[in-house]
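Visitor: To be precise about what I am sending: the file is called model-v5.cif and holds mmCIF, C-alpha atoms.
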```
data_model
loop_
_atom_site.label_atom_id
_atom_site.label_comp_id
_atom_site.auth_asym_id
_atom_site.auth_seq_id
_atom_site.Cartn_x
_atom_site.Cartn_y
_atom_site.Cartn_z
CA MET A 687 92.25 100.94 51.50
CA ASP A 688 89.00 99.28 52.46
CA LEU A 689 85.59 100.55 51.46
CA LYS A 690 83.78 103.20 53.49
CA LEU A 691 80.11 103.88 52.82
CA SER A 692 77.75 106.49 54.18
CA ASN A 693 74.47 107.93 53.03
CA SER A 694 72.40 111.02 53.67
CA ASN A 695 69.34 112.66 52.22
CA LYS A 696 69.50 116.00 50.49
CA ASP A 697 66.48 117.63 48.90
CA GLY A 698 64.69 114.30 48.66
CA ILE A 699 67.58 112.60 46.93
CA GLU A 700 69.64 109.95 48.70
CA ILE A 701 73.37 110.66 48.47
CA VAL A 702 75.68 107.66 48.83
CA ASP A 703 79.27 108.63 49.62
CA VAL A 704 81.80 105.96 48.68
CA GLU A 705 85.44 106.00 49.75
CA GLY A 706 88.16 103.47 49.02
CA GLU A 707 88.31 100.52 46.64
CA ILE A 708 85.31 98.91 44.93
CA ASP A 709 86.35 95.47 43.77
CA VAL A 710 85.26 91.84 43.86
CA TYR A 711 85.88 91.78 47.63
CA THR A 712 84.16 95.00 48.69
CA ALA A 713 81.48 95.44 46.00
CA PRO A 714 78.93 93.24 47.84
CA ARG A 715 78.76 95.85 50.62
CA LEU A 716 77.88 98.61 48.17
CA ARG A 717 75.37 96.30 46.53
CA GLU A 718 73.72 95.61 49.90
CA LEU A 719 73.49 99.32 50.68
CA LEU A 720 71.89 100.12 47.34
CA ILE A 721 69.38 97.29 47.79
CA GLU A 722 68.62 98.50 51.32
CA LEU A 723 67.99 102.04 50.10
CA VAL A 724 65.68 100.87 47.34
CA ASN A 725 63.83 98.61 49.77
CA LYS A 726 63.26 101.72 51.91
CA LYS A 727 61.69 103.37 48.87
CA ASN A 728 64.61 105.63 48.00
CA TYR A 729 64.42 105.68 44.23
CA GLN A 730 66.42 108.85 43.51
CA LEU A 731 70.06 108.04 44.18
CA VAL A 732 73.32 109.86 43.65
CA VAL A 733 76.52 107.87 44.20
CA ASN A 734 79.40 110.19 45.04
CA MET A 735 82.59 108.52 43.82
CA GLU A 736 84.99 111.40 44.34
CA LYS A 737 86.90 109.46 47.02
CA VAL A 738 86.90 106.13 45.20
CA GLU A 739 90.47 104.99 44.65
CA PHE A 740 89.78 101.90 42.58
CA LEU A 741 86.85 100.58 40.57
CA ASP A 742 86.66 97.40 38.50
CA SER A 743 83.95 95.68 36.48
CA THR A 744 82.52 94.12 39.64
CA GLY A 745 81.86 97.62 40.91
CA LEU A 746 80.37 98.56 37.56
CA GLY A 747 78.06 95.56 37.85
CA VAL A 748 76.84 96.74 41.24
CA LEU A 749 76.13 100.22 39.89
CA VAL A 750 74.28 98.82 36.88
CA GLY A 751 72.31 96.58 39.24
CA GLY A 752 71.39 99.59 41.36
CA LEU A 753 70.34 101.51 38.27
CA LYS A 754 68.12 98.63 37.22
CA ARG A 755 66.43 98.51 40.59
CA VAL A 756 65.63 102.22 40.79
CA ARG A 757 64.49 102.34 37.18
CA ALA A 758 61.97 99.63 37.99
CA HIS A 759 60.38 102.31 40.21
CA ASP A 760 60.82 105.10 37.67
CA GLY A 761 63.82 106.30 39.68
CA SER A 762 67.36 107.32 38.84
CA LEU A 763 70.95 106.62 39.83
CA ASP A 764 73.43 109.35 38.96
CA LEU A 765 77.15 109.38 39.61
CA VAL A 766 79.53 112.08 40.78
CA CYS A 767 83.03 111.52 39.48
CA THR A 768 85.79 113.74 38.13
CA GLN A 769 88.74 111.36 38.52
CA GLU A 770 90.16 110.45 35.15
CA ARG A 771 91.31 106.98 36.21
CA ILE A 772 87.79 106.11 37.36
CA LEU A 773 86.08 107.74 34.39
CA LYS A 774 88.30 105.73 32.07
CA ILE A 775 86.63 102.43 32.94
CA PHE A 776 83.21 103.95 32.26
CA ARG A 777 84.42 105.10 28.85
CA ILE A 778 86.05 101.78 27.99
CA THR A 779 82.81 99.94 28.66
CA GLY A 780 80.51 102.51 27.11
CA LEU A 781 78.75 103.08 30.42
CA THR A 782 79.08 106.85 30.09
CA LYS A 783 75.99 106.50 27.90
CA VAL A 784 74.09 104.67 30.61
CA PHE A 785 74.80 106.78 33.69
CA GLY A 786 74.47 110.48 34.27
CA ILE A 787 77.96 111.46 35.43
CA HIS A 788 78.36 114.82 37.14
CA ASP A 789 81.15 116.97 38.54
CA SER A 790 79.58 117.54 41.95
CA VAL A 791 76.74 116.37 44.16
CA ASP A 792 75.03 119.73 43.80
CA GLU A 793 75.23 119.48 40.03
CA ALA A 794 73.79 115.96 40.11
CA ILE A 795 70.91 117.09 42.32
CA ALA A 796 70.24 120.10 40.11
CA ALA A 797 70.22 117.94 37.00
CA ARG A 798 67.85 115.46 38.61
CA LYS A 799 65.51 118.22 39.78
CA ALA A 800 65.50 119.77 36.35
CA GLU A 801 64.58 116.45 34.79
CA LYS A 802 62.01 115.40 37.33
CA ARG A 803 60.89 118.89 38.30
CA LEU A 804 61.10 118.05 41.96
CA PRO A 805 59.95 120.79 44.33
CA ALA A 806 62.78 123.05 45.48
CA MET B 1161 114.47 88.22 32.10
CA ALA B 1162 113.05 88.60 35.58
CA THR B 1163 109.93 86.80 36.64
CA VAL B 1164 107.86 86.98 39.79
CA GLU B 1165 105.20 84.35 40.39
CA VAL B 1166 102.29 84.52 42.80
CA THR B 1167 99.92 81.68 43.62
CA PHE B 1168 96.80 82.35 45.62
CA THR B 1169 93.68 80.62 46.89
CA PRO B 1170 90.65 81.73 44.85
CA LEU B 1171 89.19 84.17 47.37
CA PRO B 1172 88.08 87.72 46.50
CA VAL B 1173 90.20 89.20 49.26
CA HIS B 1174 93.37 87.94 47.58
CA VAL B 1175 92.66 89.77 44.33
CA ARG B 1176 93.74 92.96 46.03
CA THR B 1177 97.01 91.32 47.03
CA ALA B 1178 97.61 90.24 43.44
CA ARG B 1179 96.94 93.80 42.28
CA LEU B 1180 99.40 95.21 44.79
CA VAL B 1181 102.10 92.74 43.79
CA ALA B 1182 101.54 93.39 40.09
CA THR B 1183 101.78 97.14 40.58
CA ALA B 1184 104.91 96.84 42.69
CA VAL B 1185 106.65 94.54 40.21
CA ALA B 1186 105.62 96.74 37.28
CA ARG B 1187 107.01 99.81 39.01
CA ARG B 1188 110.25 98.02 39.84
CA SER B 1189 110.47 96.83 36.22
CA GLY B 1190 110.38 100.39 34.99
CA VAL B 1191 106.85 100.46 33.64
CA ALA B 1192 105.86 104.10 33.24
CA GLU B 1193 104.03 105.58 36.20
CA SER B 1194 101.20 106.57 33.89
CA LEU B 1195 100.61 102.90 33.07
CA LEU B 1196 100.65 101.52 36.60
CA ASP B 1197 96.94 102.17 37.12
CA GLU B 1198 96.23 100.29 33.92
CA VAL B 1199 98.33 97.32 35.03
CA ARG B 1200 96.60 97.32 38.41
CA LEU B 1201 93.11 97.40 36.92
CA ALA B 1202 93.77 94.86 34.17
CA VAL B 1203 95.40 92.37 36.55
CA GLY B 1204 92.54 92.86 38.99
CA GLU B 1205 90.02 92.13 36.25
CA ALA B 1206 91.79 88.97 35.15
CA CYS B 1207 92.17 87.74 38.72
CA SER B 1208 88.55 88.54 39.62
CA ARG B 1209 87.35 86.55 36.63
CA ALA B 1210 89.59 83.64 37.59
CA VAL B 1211 88.44 83.72 41.22
CA GLU B 1212 84.78 83.61 40.24
CA ALA B 1213 85.38 80.77 37.78
CA HIS B 1214 87.34 78.80 40.39
CA GLN B 1215 84.68 79.32 43.04
CA ARG B 1216 82.10 77.84 40.68
CA ARG B 1217 84.17 74.96 39.40
CA CYS B 1218 87.30 74.20 41.45
CA PRO B 1219 87.52 76.20 44.69
CA GLY B 1220 90.36 74.06 45.98
CA GLU B 1221 92.70 74.86 43.11
CA PRO B 1222 95.00 77.88 43.25
CA ILE B 1223 95.28 80.67 40.68
CA ARG B 1224 98.70 81.52 39.28
CA VAL B 1225 99.96 84.96 38.33
CA SER B 1226 103.27 85.35 36.54
CA LEU B 1227 104.86 88.76 36.04
CA THR B 1228 107.79 89.03 33.64
CA ASP B 1229 109.96 91.87 32.45
CA ASP B 1230 111.93 90.82 29.38
CA GLY B 1231 113.47 94.20 28.77
CA GLU B 1232 111.16 95.13 25.93
CA GLN B 1233 107.78 94.43 27.46
CA PHE B 1234 106.08 93.68 30.73
CA LEU B 1235 103.96 90.53 30.66
CA VAL B 1236 101.39 89.38 33.17
CA VAL B 1237 99.90 85.91 32.81
CA VAL B 1238 96.92 84.91 34.94
CA THR B 1239 96.30 81.17 34.72
CA ASP B 1240 93.26 79.39 36.04
CA ALA B 1241 92.56 75.68 36.45
CA VAL B 1242 88.98 75.69 35.21
CA GLN B 1243 88.37 72.81 32.84
CA GLY B 1244 85.66 71.90 30.42
CA PRO B 1245 83.41 73.41 27.80
CA GLU B 1246 81.58 75.48 30.37
CA HIS B 1247 84.62 77.67 30.75
CA ASP B 1248 83.52 81.20 30.06
CA LEU B 1249 86.61 82.43 28.24
CA PRO B 1250 87.03 82.21 24.45
CA ALA B 1251 90.30 80.27 24.62
CA GLY B 1252 92.71 80.54 21.73
CA VAL B 1253 91.98 84.11 20.76
CA SER B 1254 93.91 87.32 20.67
CA LEU B 1255 91.79 90.34 21.37
CA PRO B 1256 92.07 93.10 18.79
CA ALA B 1257 94.32 95.98 19.73
CA GLY B 1258 92.22 98.88 20.84
CA ALA B 1259 89.14 96.79 21.51
CA GLY B 1260 87.36 98.57 24.28
CA ALA B 1261 90.04 101.24 24.18
CA ASP B 1262 89.67 104.49 25.99
CA GLY B 1263 86.90 106.44 24.36
CA GLY B 1264 85.51 103.28 22.86
CA ASP B 1265 81.97 102.13 22.87
CA GLY B 1266 80.99 98.97 24.68
CA ALA B 1267 78.45 98.29 21.97
CA ALA B 1268 81.29 97.91 19.49
CA LEU B 1269 82.38 94.90 21.50
CA GLY B 1270 78.95 93.41 21.46
CA LEU B 1271 78.27 94.49 25.02
CA ASP B 1272 74.68 95.15 25.91
CA PHE B 1273 74.08 97.44 28.85
CA ALA B 1274 70.35 97.59 28.52
CA VAL B 1275 68.87 97.67 31.98
CA PRO B 1276 65.78 95.48 31.88
CA SER B 1277 63.17 95.62 34.55
CA GLY B 1278 62.44 92.69 36.82
CA GLY B 1279 64.55 89.63 37.53
CA SER B 1280 67.69 89.29 39.58
CA VAL B 1281 70.90 91.17 38.99
CA PRO B 1282 74.15 89.24 39.02
CA LEU B 1283 77.04 90.71 41.02
CA ARG B 1284 79.27 90.86 37.97
CA LEU B 1285 78.56 92.12 34.50
CA PRO B 1286 78.86 89.69 31.59
CA GLU B 1287 82.30 88.15 31.08
CA ASP B 1288 82.86 90.24 27.98
CA VAL B 1289 82.92 93.39 30.07
CA GLY B 1290 85.96 92.31 32.06
CA LEU B 1291 87.70 91.25 28.87
CA ALA B 1292 86.79 94.54 27.21
CA VAL B 1293 88.32 96.41 30.12
CA ILE B 1294 91.49 94.33 29.91
CA ALA B 1295 91.68 94.82 26.15
CA GLY B 1296 91.27 98.54 26.62
CA LEU B 1297 94.12 98.71 29.08
CA ALA B 1298 96.85 96.35 27.84
CA ASP B 1299 98.79 96.75 24.59
CA ASP B 1300 98.05 93.13 23.74
CA VAL B 1301 95.86 90.44 25.26
CA ARG B 1302 96.02 86.73 24.49
CA ILE B 1303 93.78 83.98 25.77
CA ALA B 1304 94.98 80.42 25.37
CA PRO B 1305 94.63 76.95 26.85
CA ALA B 1306 97.18 76.35 29.61
CA GLY B 1307 97.51 72.99 31.28
CA HIS B 1308 94.06 72.04 32.52
CA GLY B 1309 92.81 75.60 32.40
CA THR B 1310 93.17 78.85 30.52
CA SER B 1311 95.67 81.69 30.63
CA VAL B 1312 95.08 85.37 30.04
CA THR B 1313 98.28 87.09 28.94
CA MET B 1314 98.46 90.87 29.16
CA ILE B 1315 101.36 92.73 27.60
CA TRP B 1316 102.57 96.28 28.03
CA LYS B 1317 105.33 97.31 25.65
CA ARG B 1318 108.25 99.31 26.95
CA ARG B 1319 107.91 103.00 26.15
CA THR B 1320 110.98 105.03 25.39
CA ALA B 1321 111.39 107.69 28.02
CA ALA B 1322 110.34 111.08 26.72
#
```
Could you show the structure in this file as C-alpha coordinates?

Guide:
Amino acid sequence: MDLKLSNSNKDGIEIVDVEGEIDVYTAPRLRELLIELVNKKNYQLVVNMEKVEFLDSTGLGVLVGGLKRVRAHDGSLDLVCTQERILKIFRITGLTKVFGIHDSVDEAIAARKAEKRLPA
Amino acid sequence: MATVEVTFTPLPVHVRTARLVATAVARRSGVAESLLDEVRLAVGEACSRAVEAHQRRCPGEPIRVSLTDDGEQFLVVVTDAVQGPEHDLPAGVSLPAGAGADGGDGAALGLDFAVPSGGSVPLRLPEDVGLAVIAGLADDVRIAPAGHGTSVTMIWKRRTAA
(Lines of atoms letter the chains of each structure in order from A and count residues from 1; the text may use other names and numbers.)
(Lines give C-alpha, C1' and ligand atoms only; values in the text may rest on other atoms or scores of the structure.)
Protein backbone atom coordinates (compact mmCIF):
# COMPACT_ATOMS: atom_id res chain seq x y z
CA MET A 1 0.00 0.00 0.00
CA ASP A 2 1.19 3.48 -0.84
CA LEU A 3 1.46 6.30 1.65
CA LYS A 4 -1.52 8.51 2.49
CA LEU A 5 -0.98 11.71 4.43
CA SER A 6 -3.39 14.22 5.86
CA ASN A 7 -3.19 16.86 8.54
CA SER A 8 -5.56 18.84 10.71
CA ASN A 9 -5.35 21.16 13.66
CA LYS A 10 -6.78 20.25 17.02
CA ASP A 11 -6.47 22.48 20.05
CA GLY A 12 -3.52 24.30 18.54
CA ILE A 13 -1.63 21.11 17.81
CA GLU A 14 -1.12 19.89 14.26
CA ILE A 15 -2.14 16.26 13.83
CA VAL A 16 -0.52 14.37 10.95
CA ASP A 17 -2.35 11.18 10.03
CA VAL A 18 -0.19 8.65 8.22
CA GLU A 19 -1.52 5.56 6.47
CA GLY A 20 0.38 2.90 4.55
CA GLU A 21 4.09 2.17 4.23
CA ILE A 22 6.90 4.54 5.22
CA ASP A 23 10.05 3.39 3.48
CA VAL A 24 12.90 4.67 1.33
CA TYR A 25 10.44 5.31 -1.52
CA THR A 26 7.64 7.08 0.35
CA ALA A 27 9.48 8.72 3.27
CA PRO A 28 10.40 11.85 1.26
CA ARG A 29 6.69 12.76 1.07
CA LEU A 30 6.34 12.63 4.85
CA ARG A 31 9.54 14.60 5.18
CA GLU A 32 8.20 17.30 2.84
CA LEU A 33 4.95 17.54 4.79
CA LEU A 34 6.75 17.92 8.12
CA ILE A 35 9.02 20.61 6.64
CA GLU A 36 5.99 22.40 5.18
CA LEU A 37 4.21 22.38 8.55
CA VAL A 38 7.25 23.74 10.36
CA ASN A 39 7.72 26.41 7.69
CA LYS A 40 4.11 27.46 8.40
CA LYS A 41 5.08 27.86 12.05
CA ASN A 42 3.44 24.68 13.32
CA TYR A 43 5.84 23.63 16.04
CA GLN A 44 3.56 21.32 18.07
CA LEU A 45 3.13 18.15 16.04
CA VAL A 46 1.53 14.79 16.69
CA VAL A 47 2.13 12.07 14.09
CA ASN A 48 -0.64 9.48 14.22
CA MET A 49 0.86 6.17 13.08
CA GLU A 50 -2.05 3.90 13.93
CA LYS A 51 -2.63 3.09 10.25
CA VAL A 52 1.04 2.69 9.33
CA GLU A 53 1.63 -0.79 7.96
CA PHE A 54 5.39 -0.62 7.56
CA LEU A 55 8.16 1.58 8.93
CA ASP A 56 11.90 1.27 8.34
CA SER A 57 14.95 3.28 9.39
CA THR A 58 14.35 5.75 6.55
CA GLY A 59 11.03 6.58 8.15
CA LEU A 60 12.71 6.84 11.53
CA GLY A 61 15.17 9.29 10.01
CA VAL A 62 12.33 11.48 8.76
CA LEU A 63 10.69 11.50 12.19
CA VAL A 64 13.98 12.35 13.90
CA GLY A 65 14.50 15.11 11.33
CA GLY A 66 11.04 16.49 12.08
CA LEU A 67 11.75 16.37 15.80
CA LYS A 68 14.97 18.29 15.27
CA ARG A 69 13.19 20.98 13.31
CA VAL A 70 10.42 21.58 15.84
CA ARG A 71 12.83 21.48 18.76
CA ALA A 72 14.78 24.28 17.12
CA HIS A 73 11.61 26.34 17.78
CA ASP A 74 11.06 24.94 21.26
CA GLY A 75 8.37 22.69 19.80
CA SER A 76 7.53 19.01 20.06
CA LEU A 77 6.81 15.98 17.90
CA ASP A 78 4.89 13.19 19.60
CA LEU A 79 3.81 9.89 18.12
CA VAL A 80 0.64 7.86 18.40
CA CYS A 81 1.29 4.17 17.96
CA THR A 82 0.01 1.00 19.58
CA GLN A 83 1.04 -1.52 16.91
CA GLU A 84 3.63 -3.90 18.27
CA ARG A 85 5.37 -4.43 14.92
CA ILE A 86 5.89 -0.69 14.54
CA LEU A 87 6.85 -0.13 18.17
CA LYS A 88 9.46 -2.85 17.85
CA ILE A 89 11.68 -0.80 15.54
CA PHE A 90 11.55 2.12 17.98
CA ARG A 91 12.65 -0.20 20.78
CA ILE A 92 15.42 -1.82 18.74
CA THR A 93 16.93 1.57 17.97
CA GLY A 94 16.38 3.08 21.40
CA LEU A 95 14.14 5.78 19.96
CA THR A 96 11.45 5.13 22.57
CA LYS A 97 13.65 7.36 24.74
CA VAL A 98 13.62 10.15 22.18
CA PHE A 99 9.95 10.35 21.21
CA GLY A 100 6.86 10.63 23.33
CA ILE A 101 4.78 7.65 22.18
CA HIS A 102 1.10 7.62 23.08
CA ASP A 103 -1.88 5.31 22.72
CA SER A 104 -4.22 7.86 21.15
CA VAL A 105 -4.26 11.33 19.64
CA ASP A 106 -6.27 12.63 22.58
CA GLU A 107 -3.71 11.23 25.00
CA ALA A 108 -0.87 12.83 23.04
CA ILE A 109 -2.63 16.20 23.05
CA ALA A 110 -3.37 15.94 26.76
CA ALA A 111 0.24 15.08 27.52
CA ARG A 112 1.48 17.98 25.43
CA LYS A 113 -0.94 20.40 27.09
CA ALA A 114 0.08 19.21 30.51
CA GLU A 115 3.73 19.77 29.68
CA LYS A 116 3.33 23.08 27.93
CA ARG A 117 0.29 24.25 29.87
CA LEU A 118 -1.46 25.28 26.70
CA PRO A 119 -4.82 26.97 27.16
CA ALA A 120 -7.74 24.54 27.05
CA MET B 1 18.13 -26.51 -1.06
CA ALA B 2 15.86 -24.06 -2.84
CA THR B 3 17.08 -20.66 -3.88
CA VAL B 4 15.28 -17.69 -5.39
CA GLU B 5 17.34 -14.83 -6.78
CA VAL B 6 16.17 -11.31 -7.53
CA THR B 7 18.19 -8.64 -9.31
CA PHE B 8 16.94 -5.08 -9.39
CA THR B 9 17.96 -1.62 -10.53
CA PRO B 10 18.95 0.51 -7.52
CA LEU B 11 15.76 2.56 -7.27
CA PRO B 12 13.83 3.11 -4.01
CA VAL B 13 10.60 1.92 -5.57
CA HIS B 14 12.08 -1.55 -6.12
CA VAL B 15 12.89 -2.04 -2.44
CA ARG B 16 9.23 -2.70 -1.84
CA THR B 17 9.26 -5.37 -4.54
CA ALA B 18 12.26 -7.03 -2.91
CA ARG B 19 10.44 -6.99 0.43
CA LEU B 20 7.36 -8.58 -1.09
CA VAL B 21 9.40 -11.30 -2.78
CA ALA B 22 11.36 -12.01 0.40
CA THR B 23 8.19 -12.30 2.45
CA ALA B 24 6.54 -14.56 -0.11
CA VAL B 25 9.55 -16.87 -0.37
CA ALA B 26 9.94 -16.98 3.42
CA ARG B 27 6.29 -17.92 3.83
CA ARG B 28 6.55 -20.60 1.16
CA SER B 29 9.72 -21.91 2.84
CA GLY B 30 7.84 -22.44 6.07
CA VAL B 31 9.25 -19.54 8.06
CA ALA B 32 6.94 -18.96 11.01
CA GLU B 33 4.26 -16.36 10.42
CA SER B 34 5.47 -14.50 13.49
CA LEU B 35 8.85 -13.99 11.81
CA LEU B 36 7.63 -12.79 8.43
CA ASP B 37 7.44 -9.17 9.54
CA GLU B 38 11.02 -9.42 10.75
CA VAL B 39 12.18 -10.86 7.42
CA ARG B 40 10.32 -8.13 5.55
CA LEU B 41 11.81 -5.33 7.63
CA ALA B 42 15.36 -6.69 7.69
CA VAL B 43 15.43 -7.30 3.93
CA GLY B 44 14.00 -3.84 3.35
CA GLU B 45 16.72 -2.30 5.50
CA ALA B 46 19.50 -4.15 3.69
CA CYS B 47 18.08 -3.27 0.28
CA SER B 48 17.52 0.39 1.20
CA ARG B 49 21.13 0.67 2.32
CA ALA B 50 22.32 -0.95 -0.90
CA VAL B 51 20.14 1.30 -3.05
CA GLU B 52 21.48 4.44 -1.41
CA ALA B 53 25.07 3.25 -1.72
CA HIS B 54 24.56 2.37 -5.39
CA GLN B 55 22.93 5.71 -6.15
CA ARG B 56 25.99 7.47 -4.75
CA ARG B 57 28.62 5.27 -6.33
CA CYS B 58 27.34 3.02 -9.15
CA PRO B 59 23.74 3.75 -10.16
CA GLY B 60 24.04 1.61 -13.28
CA GLU B 61 24.87 -1.57 -11.40
CA PRO B 62 22.12 -3.88 -10.16
CA ILE B 63 21.61 -5.15 -6.61
CA ARG B 64 21.28 -8.88 -6.04
CA VAL B 65 19.09 -10.58 -3.46
CA SER B 66 19.37 -14.31 -2.89
CA LEU B 67 16.85 -16.19 -0.75
CA THR B 68 17.68 -19.74 0.28
CA ASP B 69 15.93 -22.35 2.36
CA ASP B 70 18.34 -25.14 3.27
CA GLY B 71 15.93 -26.99 5.48
CA GLU B 72 17.44 -25.79 8.73
CA GLN B 73 17.56 -22.07 8.15
CA PHE B 74 16.33 -19.35 5.86
CA LEU B 75 19.11 -17.19 4.43
CA VAL B 76 18.81 -13.88 2.64
CA VAL B 77 21.90 -12.38 1.04
CA VAL B 78 21.81 -8.82 -0.27
CA THR B 79 24.86 -8.07 -2.40
CA ASP B 80 25.88 -4.67 -3.63
CA ALA B 81 28.52 -3.65 -6.16
CA VAL B 82 29.91 -0.67 -4.28
CA GLN B 83 33.70 -0.69 -4.34
CA GLY B 84 36.39 1.13 -2.49
CA PRO B 85 37.31 2.32 0.97
CA GLU B 86 34.42 4.75 1.05
CA HIS B 87 32.02 1.87 1.37
CA ASP B 88 29.99 2.48 4.48
CA LEU B 89 29.70 -1.10 5.69
CA PRO B 90 32.21 -2.71 8.07
CA ALA B 91 33.00 -5.63 5.76
CA GLY B 92 34.22 -8.86 7.28
CA VAL B 93 32.29 -8.70 10.51
CA SER B 94 29.61 -10.74 12.14
CA LEU B 95 27.25 -8.69 14.23
CA PRO B 96 26.78 -9.97 17.77
CA ALA B 97 23.63 -11.96 18.37
CA GLY B 98 21.10 -9.79 20.09
CA ALA B 99 22.77 -6.54 19.12
CA GLY B 100 19.97 -4.07 18.85
CA ALA B 101 17.58 -6.78 19.92
CA ASP B 102 14.03 -6.05 20.90
CA GLY B 103 14.08 -4.08 24.09
CA GLY B 104 17.66 -3.07 23.46
CA ASP B 105 19.11 0.35 23.70
CA GLY B 106 20.50 2.05 20.63
CA ALA B 107 23.18 3.62 22.80
CA ALA B 108 24.55 0.15 23.48
CA LEU B 109 25.35 -0.05 19.79
CA GLY B 110 27.08 3.28 19.80
CA LEU B 111 24.11 5.00 18.22
CA ASP B 112 23.66 8.64 19.04
CA PHE B 113 20.17 10.02 18.66
CA ALA B 114 20.91 13.43 20.04
CA VAL B 115 18.89 15.95 18.09
CA PRO B 116 21.14 18.96 17.59
CA SER B 117 19.77 22.29 16.55
CA GLY B 118 20.65 23.88 13.24
CA GLY B 119 22.14 22.30 10.14
CA SER B 120 20.56 20.03 7.61
CA VAL B 121 18.97 16.69 8.34
CA PRO B 122 19.85 13.74 6.14
CA LEU B 123 16.97 11.58 4.90
CA ARG B 124 18.42 8.48 6.49
CA LEU B 125 19.81 7.95 9.95
CA PRO B 126 23.43 6.86 10.30
CA GLU B 127 24.33 3.54 8.68
CA ASP B 128 24.64 1.88 12.06
CA VAL B 129 20.93 2.31 12.65
CA GLY B 130 19.96 0.16 9.70
CA LEU B 131 22.49 -2.45 10.74
CA ALA B 132 21.22 -2.34 14.31
CA VAL B 133 17.71 -2.95 13.08
CA ILE B 134 18.86 -5.89 10.96
CA ALA B 135 20.86 -7.32 13.87
CA GLY B 136 17.83 -7.00 16.09
CA LEU B 137 15.65 -8.90 13.68
CA ALA B 138 17.74 -11.74 12.23
CA ASP B 139 19.19 -14.64 14.22
CA ASP B 140 22.57 -14.01 12.64
CA VAL B 141 24.00 -11.28 10.42
CA ARG B 142 27.25 -11.46 8.49
CA ILE B 143 28.88 -8.76 6.42
CA ALA B 144 31.60 -9.81 4.02
CA PRO B 145 33.33 -8.79 0.79
CA ALA B 146 31.58 -10.27 -2.25
CA GLY B 147 33.00 -9.84 -5.71
CA HIS B 148 33.50 -6.13 -6.23
CA GLY B 149 31.12 -5.19 -3.45
CA THR B 150 29.81 -6.34 -0.11
CA SER B 151 27.18 -8.83 0.98
CA VAL B 152 24.89 -8.69 3.98
CA THR B 153 23.76 -12.17 4.97
CA MET B 154 20.75 -12.50 7.25
CA ILE B 155 19.85 -15.85 8.75
CA TRP B 156 16.70 -17.07 10.44
CA LYS B 157 16.97 -20.51 12.00
CA ARG B 158 14.14 -22.96 11.58
CA ARG B 159 11.94 -23.13 14.66
CA THR B 160 10.37 -26.39 15.66
CA ALA B 161 6.63 -26.08 15.45
CA ALA B 162 5.09 -25.72 18.89

Visitor: Given the file shown, determine the residues that the PyMOL selection byres ((chain A) within 7 of (chain B)) selects; report them as number ranges by chain.

Guide: A: 710-711, 742-744, 747-748, 751, 754, 758, 774-775, 777-780

Visitor: Record the distance separating atom CA of A:Ser692 and atom CA of A:Asn728, expressed in Å with one decimal.

Guide: 14.5 Å

Visitor: Within 6 Å of B:Ala1298, counting all atoms listed in the file, which residues qualify if same-chain residues fewer than 3 places away don't, as a ChimeraX atom specification?

Guide: /B:1295,1314-1316

Visitor: Quick one: pull the distance between atom CA of A:Glu793 and atom CA of A:Ser694, Å, one decimal.

Guide: 16.3 Å

Visitor: Contacts of A:Glu736 at 7 Å or less, counting all atoms listed in the file, minus same-chain residues fewer than 2 places along, as a list in words?

Guide: Asn734, Val738, Val766, Cys767, Thr768 and Gln769 of chain A

Visitor: Counting only C-alpha atoms, note down every residue that has an atom within 10 Å of the point (84.6, 100.9, 47.1) (file coordinates), as a list in words.

Guide: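 Those residues, ordered by chain and then number, are Met687, Asp688, Leu689, Lys690, Leu691, Asp703, Val704, Glu705, Gly706, Glu707, Ile708, Asp709, Val710, Tyr711, Thr712, Ala713, Pro714, Arg715, Leu716, Met735, Lys737, Val738, Glu739, Phe740, Leu741, Asp742 and Gly745 of chain A.
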
Visitor: Would you list the residues near (68.5, 99.7, 47.0) (no more than 12 Å away, in the coordinates of the file, using only C-alpha atoms) as a count of residues only?

Guide: 38

Visitor: Could you check how far atom CA of B:Arg1217 sits from atom CA of B:His1308, in Å to one decimal?

Guide: 12.4 Å

Visitor: Could you pull the residues within 6 Å of stretch 1230-1243 of chain B, counting only C-alpha atoms, minus those fewer than 3 positions along the same chain, as a list in words?

Guide: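 Returned residues: Met1161, Ala1210, Ile1223, Arg1224, Val1225, Ser1226, Leu1227, His1308, Gly1309, Thr1310, Ser1311, Val1312, Thr1313, Met1314, Ile1315, Trp1316, Lys1317 and Arg1318 of chain B.
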
Visitor: Go through A:Lys783, A:Lys696, A:Arg798, A:His788 and flag the residue nearest A:Leu765, using all atoms listed in the file for the distances.

Guide: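 Counting all atoms listed in the file, the residue closest to A:Leu765 is A:His788.
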